[in-house]
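*Asks:* Got run_25.cif for you, mmCIF, C-alpha atoms:
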data_query
loop_
_atom_site.label_atom_id
_atom_site.label_comp_id
_atom_site.auth_asym_id
_atom_site.auth_seq_id
_atom_site.Cartn_x
_atom_site.Cartn_y
_atom_site.Cartn_z
CA MET A 1 -19.74 19.23 -40.80
CA ARG A 2 -17.30 19.36 -43.68
CA GLU A 3 -15.67 16.31 -45.16
CA VAL A 4 -12.78 17.91 -47.05
CA TYR A 5 -9.60 19.07 -45.35
CA THR A 6 -7.49 21.90 -46.64
CA ARG A 7 -3.91 21.20 -47.62
CA ARG A 8 -2.63 23.00 -44.51
CA GLU A 9 -4.84 20.91 -42.18
CA ALA A 10 -3.69 17.68 -43.83
CA ILE A 11 -0.01 18.63 -43.43
CA VAL A 12 -0.47 19.57 -39.75
CA ALA A 13 -2.36 16.34 -39.05
CA SER A 14 0.31 14.22 -40.71
CA LEU A 15 3.11 16.03 -38.84
CA LEU A 16 1.32 15.46 -35.53
CA GLY A 17 0.89 11.79 -36.39
CA LEU A 18 4.57 11.52 -37.28
CA ALA A 19 5.55 13.20 -34.00
CA LEU A 20 3.40 10.71 -32.10
CA VAL A 21 5.05 7.78 -33.90
CA VAL A 22 8.53 9.16 -33.07
CA VAL A 23 7.64 9.60 -29.39
CA VAL A 24 6.23 6.08 -29.10
CA TRP A 25 8.60 4.08 -31.32
CA GLY A 26 11.74 6.23 -31.19
CA PRO A 27 13.27 4.70 -28.06
CA VAL A 28 12.58 1.19 -29.35
CA LEU A 29 14.10 1.78 -32.77
CA LEU A 30 17.09 3.77 -31.53
CA ARG A 31 18.22 1.42 -28.75
CA PRO A 32 21.68 0.00 -29.18
CA PHE A 33 22.00 -3.36 -30.87
CA GLY A 34 25.24 -4.14 -29.08
CA TYR A 35 26.41 -6.81 -26.73
CA ALA A 36 23.81 -8.42 -24.47
CA PRO A 37 25.22 -9.83 -21.22
CA VAL A 38 25.01 -13.61 -20.97
CA ALA A 39 25.22 -15.58 -17.74
CA ASP A 40 27.43 -18.65 -17.67
CA LEU A 41 25.21 -21.20 -16.00
CA ARG A 42 28.14 -23.47 -15.14
CA SER A 43 29.60 -20.81 -12.87
CA LEU A 44 26.47 -20.49 -10.75
CA HIS A 45 26.59 -22.14 -7.35
CA LEU A 46 23.56 -23.85 -5.85
CA PRO A 47 22.88 -24.11 -2.12
CA GLU A 48 24.13 -27.25 -0.39
CA GLY A 49 21.96 -30.26 -1.16
CA GLN A 50 20.02 -28.63 -4.00
CA ARG A 51 20.23 -30.28 -7.41
CA PRO A 52 19.99 -28.38 -10.71
CA GLY A 53 16.38 -28.00 -11.77
CA GLN A 54 15.09 -28.57 -8.24
CA ALA A 55 12.67 -25.93 -6.99
CA ARG A 56 13.51 -23.93 -3.91
CA GLN A 57 11.85 -24.78 -0.66
CA PRO A 58 8.98 -22.36 0.02
CA VAL A 59 9.57 -19.96 2.87
CA ALA A 60 6.63 -19.34 5.16
CA PRO A 61 5.93 -15.64 5.78
CA THR A 62 6.69 -14.51 9.29
CA ARG A 63 4.20 -12.48 11.25
CA VAL A 64 5.44 -9.85 13.61
CA ALA A 65 3.38 -9.66 16.78
CA LYS A 66 2.47 -6.17 17.93
CA ALA A 67 3.30 -5.45 21.55
CA GLY A 68 0.04 -5.03 23.41
CA PRO A 69 -0.65 -2.43 26.07
CA THR A 70 0.44 -3.20 29.61
CA THR A 71 -2.27 -1.07 31.24
CA PRO A 72 -5.70 0.07 30.03
CA VAL A 73 -5.52 2.99 27.56
CA ASP A 74 -7.68 6.06 28.19
CA ILE A 75 -9.37 6.70 24.84
CA ASN A 76 -10.11 10.34 25.77
CA HIS A 77 -6.47 11.35 26.35
CA ALA A 78 -4.40 8.86 24.32
CA ASP A 79 -2.37 10.01 21.33
CA VAL A 80 -1.92 8.13 18.05
CA THR A 81 0.98 5.99 19.25
CA ALA A 82 -0.79 4.97 22.46
CA LEU A 83 -3.93 4.02 20.51
CA GLN A 84 -1.86 1.92 18.08
CA THR A 85 -0.77 -0.35 20.94
CA LEU A 86 -4.35 -1.60 21.16
CA PRO A 87 -5.14 -4.86 19.34
CA GLY A 88 -6.63 -4.26 15.88
CA ILE A 89 -5.86 -0.52 15.84
CA GLY A 90 -3.48 0.77 13.17
CA PRO A 91 -2.48 4.30 12.21
CA THR A 92 -5.62 4.98 10.18
CA LEU A 93 -8.05 3.82 12.85
CA ALA A 94 -6.11 5.69 15.55
CA GLU A 95 -6.47 8.89 13.50
CA ARG A 96 -10.20 8.24 13.09
CA ILE A 97 -10.61 7.88 16.86
CA ILE A 98 -8.82 11.18 17.46
CA MET A 99 -10.82 12.95 14.72
CA HIS A 100 -14.07 11.62 16.21
CA ARG A 101 -12.96 12.81 19.65
CA LYS A 102 -12.20 16.30 18.28
CA ALA A 103 -15.48 16.50 16.35
CA TYR A 104 -17.88 15.15 19.00
CA GLY A 105 -16.04 15.65 22.29
CA SER A 106 -14.71 13.08 24.70
CA PHE A 107 -16.21 9.61 24.98
CA GLN A 108 -18.61 9.35 27.95
CA GLU A 109 -18.31 5.55 28.08
CA VAL A 110 -16.22 2.94 26.28
CA ASP A 111 -19.23 1.67 24.29
CA ALA A 112 -19.29 5.02 22.45
CA LEU A 113 -16.12 3.92 20.64
CA MET A 114 -18.33 1.86 18.32
CA GLU A 115 -19.51 5.15 16.77
CA VAL A 116 -16.10 5.49 15.11
CA ASP A 117 -16.12 4.27 11.50
CA GLY A 118 -14.24 0.97 11.32
CA ILE A 119 -14.96 -0.23 14.86
CA GLY A 120 -17.75 -2.78 14.95
CA PRO A 121 -18.92 -5.14 17.66
CA LYS A 122 -16.29 -7.78 16.85
CA ARG A 123 -13.33 -5.38 17.04
CA PHE A 124 -14.82 -3.67 20.08
CA GLN A 125 -14.92 -6.97 21.99
CA LYS A 126 -11.16 -7.33 21.41
CA LEU A 127 -10.58 -3.75 22.59
CA LYS A 128 -12.90 -3.69 25.60
CA PRO A 129 -10.48 -5.19 28.18
CA TRP A 130 -7.77 -2.71 27.15
CA ILE A 131 -9.65 0.61 27.07
CA GLU A 132 -11.21 3.00 29.55
CA ALA A 133 -12.95 6.39 29.29
CA ARG A 134 -11.97 8.82 32.03
#
Output the structure of this file as structure tokens.
*Replies:*
Amino acid sequence: MREVYTRREAIVASLLGLALVVVVWGPVLLRPFGYAPVADLRSLHLPEGQRPGQARQPVAPTRVAKAGPTTPVDINHADVTALQTLPGIGPTLAERIIMHRKAYGSFQEVDALMEVDGIGPKRFQKLKPWIEAR
């Protein structure tokens, strides 16, 4: 391994370093130093009953309830949207059920649904009243 650079190598290395500095610092150094917008705080209006400096009241997040199935869903013939009506089944898990059905054939009984990755005993107990295997 040599420790001395030729003049050409030193020039190329310094030009590459300079190019890197221009790419990184160029936009910062070349930004305009003009007028910065300023907000007039006296013109701001607060909601009724709120004093200046008073924190806003926290808003509780709302949960949207998913409409459940009205009749039992046949897990051997249901499509993605029908499977998503089941409690605890989203788009990813519905796709996994369909992929498992394509790979291994139809489900012989509803308990076989626990073979799908992501469906354990706890989730299966929520699903059991809403599914059937025909």
*Asks:* Using all atoms listed in the file, which residue out of A:Ile75, A:Leu127, A:Ala103, A:Ala60 lies closest to Pro87 of chain A?
*Replies:*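 Nearest to Pro87 of chain A: A:Leu127.
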*Asks:* Go through the shown structure with the PyMOL selection byres ((chain A and resi 118) around 12) and write out the matching residues as a PDB file with C-alpha atoms, in the coordinates of the input.
*Replies:*
ATOM      1  CA  GLY A  88      -6.630  -4.260  15.880  1.00  0.00           C
ATOM      2  CA  ILE A  89      -5.860  -0.520  15.840  1.00  0.00           C
ATOM      3  CA  GLY A  90      -3.480   0.770  13.170  1.00  0.00           C
ATOM      4  CA  THR A  92      -5.620   4.980  10.180  1.00  0.00           C
ATOM      5  CA  LEU A  93      -8.050   3.820  12.850  1.00  0.00           C
ATOM      6  CA  ALA A  94      -6.110   5.690  15.550  1.00  0.00           C
ATOM      7  CA  GLU A  95      -6.470   8.890  13.500  1.00  0.00           C
ATOM      8  CA  ARG A  96     -10.200   8.240  13.090  1.00  0.00           C
ATOM      9  CA  ILE A  97     -10.610   7.880  16.860  1.00  0.00           C
ATOM     10  CA  HIS A 100     -14.070  11.620  16.210  1.00  0.00           C
ATOM     11  CA  LEU A 113     -16.120   3.920  20.640  1.00  0.00           C
ATOM     12  CA  MET A 114     -18.330   1.860  18.320  1.00  0.00           C
ATOM     13  CA  GLU A 115     -19.510   5.150  16.770  1.00  0.00           C
ATOM     14  CA  VAL A 116     -16.100   5.490  15.110  1.00  0.00           C
ATOM     15  CA  ASP A 117     -16.120   4.270  11.500  1.00  0.00           C
ATOM     16  CA  ILE A 119     -14.960  -0.230  14.860  1.00  0.00           C
ATOM     17  CA  GLY A 120     -17.750  -2.780  14.950  1.00  0.00           C
ATOM     18  CA  PRO A 121     -18.920  -5.140  17.660  1.00  0.00           C
ATOM     19  CA  LYS A 122     -16.290  -7.780  16.850  1.00  0.00           C
ATOM     20  CA  ARG A 123     -13.330  -5.380  17.040  1.00  0.00           C
ATOM     21  CA  PHE A 124     -14.820  -3.670  20.080  1.00  0.00           C
TER      22      PHE A 124
END
*Asks:* Report, in Å to a single decimal, how far apart atom CA of Gln108 of chain A and atom CA of Thr71 of chain A are.
*Replies:* 19.7 Å
*Asks:* Evaluate the PyMOL selection byres ((chain A and resi 109) around 12) against this structure - the residues, as a PyMOL selection string, please.
*Replies:* chain A and resi 74-76+105-108+110-115+128+131-134
*Asks:* Go ahead and compute the interatomic distance for atom CA of Val4 of chain A and atom CA of Leu16 of chain A, in Å to one decimal.
*Replies:* 18.4 Å
*Asks:* Work out how far atom CA of Pro27 of chain A is from atom CA of Ser14 of chain A, in Å to one decimal.
*Replies:* 20.5 Å
*Asks:* Which neighbours of Ala78 of chain A fall inside 9 Å, counting only C-alpha atoms, when residues of the same chain fewer than 5 positions from it are skipped, and could you give them as a list in words?
*Replies:*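 In the requested format, the answer is Val73, Leu83 and Ile98 of chain A.
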*Asks:* Would you mind exporting C-alpha atoms of the selected residues as a PDB file, in the coordinates of the input?
*Replies:*
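Below is the file that was written, out-v6.pdb:
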ATOM      1  CA  VAL A  73      -5.520   2.990  27.560  1.00  0.00           C
ATOM      2  CA  LEU A  83      -3.930   4.020  20.510  1.00  0.00           C
ATOM      3  CA  ILE A  98      -8.820  11.180  17.460  1.00  0.00           C
TER       4      ILE A  98
END
*Asks:* Could you model N, CA and C atoms for segment 93-129 of chain A and present them as an mmCIF file, in the coordinates of the input?
*Replies:*
data_model
loop_
_atom_site.group_PDB
_atom_site.id
_atom_site.type_symbol
_atom_site.label_atom_id
_atom_site.label_comp_id
_atom_site.auth_asym_id
_atom_site.auth_seq_id
_atom_site.Cartn_x
_atom_site.Cartn_y
_atom_site.Cartn_z
ATOM 1 N N LEU A 93 -6.975 3.897 11.868
ATOM 2 C CA LEU A 93 -8.050 3.820 12.850
ATOM 3 C C LEU A 93 -7.753 4.702 14.068
ATOM 4 N N ALA A 94 -6.480 4.807 14.442
ATOM 5 C CA ALA A 94 -6.110 5.690 15.550
ATOM 6 C C ALA A 94 -6.424 7.141 15.194
ATOM 7 N N GLU A 95 -6.134 7.530 13.950
ATOM 8 C CA GLU A 95 -6.470 8.890 13.500
ATOM 9 C C GLU A 95 -7.981 9.111 13.510
ATOM 10 N N ARG A 96 -8.749 8.105 13.093
ATOM 11 C CA ARG A 96 -10.200 8.240 13.090
ATOM 12 C C ARG A 96 -10.747 8.437 14.503
ATOM 13 N N ILE A 97 -10.161 7.724 15.480
ATOM 14 C CA ILE A 97 -10.610 7.880 16.860
ATOM 15 C C ILE A 97 -10.335 9.298 17.342
ATOM 16 N N ILE A 98 -9.166 9.820 17.035
ATOM 17 C CA ILE A 98 -8.820 11.180 17.460
ATOM 18 C C ILE A 98 -9.694 12.211 16.751
ATOM 19 N N MET A 99 -9.955 12.021 15.453
ATOM 20 C CA MET A 99 -10.820 12.950 14.720
ATOM 21 C C MET A 99 -12.248 12.919 15.272
ATOM 22 N N HIS A 100 -12.734 11.735 15.621
ATOM 23 C CA HIS A 100 -14.070 11.620 16.210
ATOM 24 C C HIS A 100 -14.113 12.321 17.565
ATOM 25 N N ARG A 101 -13.041 12.172 18.343
ATOM 26 C CA ARG A 101 -12.960 12.810 19.650
ATOM 27 C C ARG A 101 -12.936 14.332 19.517
ATOM 28 N N LYS A 102 -12.231 14.855 18.501
ATOM 29 C CA LYS A 102 -12.200 16.300 18.280
ATOM 30 C C LYS A 102 -13.540 16.821 17.788
ATOM 31 N N ALA A 103 -14.214 16.046 16.939
ATOM 32 C CA ALA A 103 -15.480 16.500 16.350
ATOM 33 C C ALA A 103 -16.638 16.426 17.335
ATOM 34 N N TYR A 104 -16.706 15.375 18.151
ATOM 35 C CA TYR A 104 -17.880 15.150 19.000
ATOM 36 C C TYR A 104 -17.590 15.261 20.488
ATOM 37 N N GLY A 105 -16.378 15.559 20.871
ATOM 38 C CA GLY A 105 -16.040 15.650 22.290
ATOM 39 C C GLY A 105 -15.571 14.304 22.816
ATOM 40 N N SER A 106 -15.258 14.296 24.104
ATOM 41 C CA SER A 106 -14.710 13.080 24.700
ATOM 42 C C SER A 106 -15.783 11.990 24.796
ATOM 43 N N PHE A 107 -15.311 10.760 24.872
ATOM 44 C CA PHE A 107 -16.210 9.610 24.980
ATOM 45 C C PHE A 107 -16.716 9.525 26.415
ATOM 46 N N GLN A 108 -18.029 9.428 26.603
ATOM 47 C CA GLN A 108 -18.610 9.350 27.950
ATOM 48 C C GLN A 108 -18.446 7.940 28.523
ATOM 49 N N GLU A 109 -18.482 6.937 27.655
ATOM 50 C CA GLU A 109 -18.310 5.550 28.080
ATOM 51 C C GLU A 109 -17.564 4.811 26.964
ATOM 52 N N VAL A 110 -17.016 3.658 27.268
ATOM 53 C CA VAL A 110 -16.220 2.940 26.280
ATOM 54 C C VAL A 110 -17.070 2.414 25.135
ATOM 55 N N ASP A 111 -18.358 2.161 25.362
ATOM 56 C CA ASP A 111 -19.230 1.670 24.290
ATOM 57 C C ASP A 111 -19.395 2.694 23.171
ATOM 58 N N ALA A 112 -19.166 3.970 23.465
ATOM 59 C CA ALA A 112 -19.290 5.020 22.450
ATOM 60 C C ALA A 112 -18.211 4.904 21.391
ATOM 61 N N LEU A 113 -17.197 4.107 21.627
ATOM 62 C CA LEU A 113 -16.120 3.920 20.640
ATOM 63 C C LEU A 113 -16.644 3.241 19.383
ATOM 64 N N MET A 114 -17.756 2.522 19.496
ATOM 65 C CA MET A 114 -18.330 1.860 18.320
ATOM 66 C C MET A 114 -18.928 2.856 17.328
ATOM 67 N N GLU A 115 -19.047 4.116 17.692
ATOM 68 C CA GLU A 115 -19.510 5.150 16.770
ATOM 69 C C GLU A 115 -18.453 5.520 15.735
ATOM 70 N N VAL A 116 -17.205 5.196 16.027
ATOM 71 C CA VAL A 116 -16.100 5.490 15.110
ATOM 72 C C VAL A 116 -16.191 4.532 13.926
ATOM 73 N N ASP A 117 -16.056 5.090 12.712
ATOM 74 C CA ASP A 117 -16.120 4.270 11.500
ATOM 75 C C ASP A 117 -14.954 3.285 11.490
ATOM 76 N N GLY A 118 -15.265 2.010 11.354
ATOM 77 C CA GLY A 118 -14.240 0.970 11.320
ATOM 78 C C GLY A 118 -14.193 0.145 12.587
ATOM 79 N N ILE A 119 -14.927 0.544 13.627
ATOM 80 C CA ILE A 119 -14.960 -0.230 14.860
ATOM 81 C C ILE A 119 -16.370 -0.791 15.017
ATOM 82 N N GLY A 120 -16.474 -2.086 14.807
ATOM 83 C CA GLY A 120 -17.750 -2.780 14.950
ATOM 84 C C GLY A 120 -17.761 -3.582 16.229
ATOM 85 N N PRO A 121 -18.808 -4.363 16.434
ATOM 86 C CA PRO A 121 -18.920 -5.140 17.660
ATOM 87 C C PRO A 121 -17.788 -6.161 17.848
ATOM 88 N N LYS A 122 -17.339 -6.764 16.758
ATOM 89 C CA LYS A 122 -16.290 -7.780 16.850
ATOM 90 C C LYS A 122 -14.959 -7.151 17.295
ATOM 91 N N ARG A 123 -14.580 -6.051 16.668
ATOM 92 C CA ARG A 123 -13.330 -5.380 17.040
ATOM 93 C C ARG A 123 -13.445 -4.771 18.433
ATOM 94 N N PHE A 124 -14.632 -4.276 18.769
ATOM 95 C CA PHE A 124 -14.820 -3.670 20.080
ATOM 96 C C PHE A 124 -14.637 -4.695 21.196
ATOM 97 N N GLN A 125 -15.083 -5.942 20.970
ATOM 98 C CA GLN A 125 -14.920 -6.970 21.990
ATOM 99 C C GLN A 125 -13.440 -7.264 22.257
ATOM 100 N N LYS A 126 -12.597 -7.149 21.215
ATOM 101 C CA LYS A 126 -11.160 -7.330 21.410
ATOM 102 C C LYS A 126 -10.554 -6.152 22.177
ATOM 103 N N LEU A 127 -11.117 -4.962 21.976
ATOM 104 C CA LEU A 127 -10.580 -3.750 22.590
ATOM 105 C C LEU A 127 -11.052 -3.551 24.026
ATOM 106 N N LYS A 128 -12.244 -4.019 24.345
ATOM 107 C CA LYS A 128 -12.900 -3.690 25.600
ATOM 108 C C LYS A 128 -12.035 -3.920 26.848
ATOM 109 N N PRO A 129 -11.296 -5.032 26.962
ATOM 110 C CA PRO A 129 -10.480 -5.190 28.180
ATOM 111 C C PRO A 129 -9.316 -4.209 28.273
#
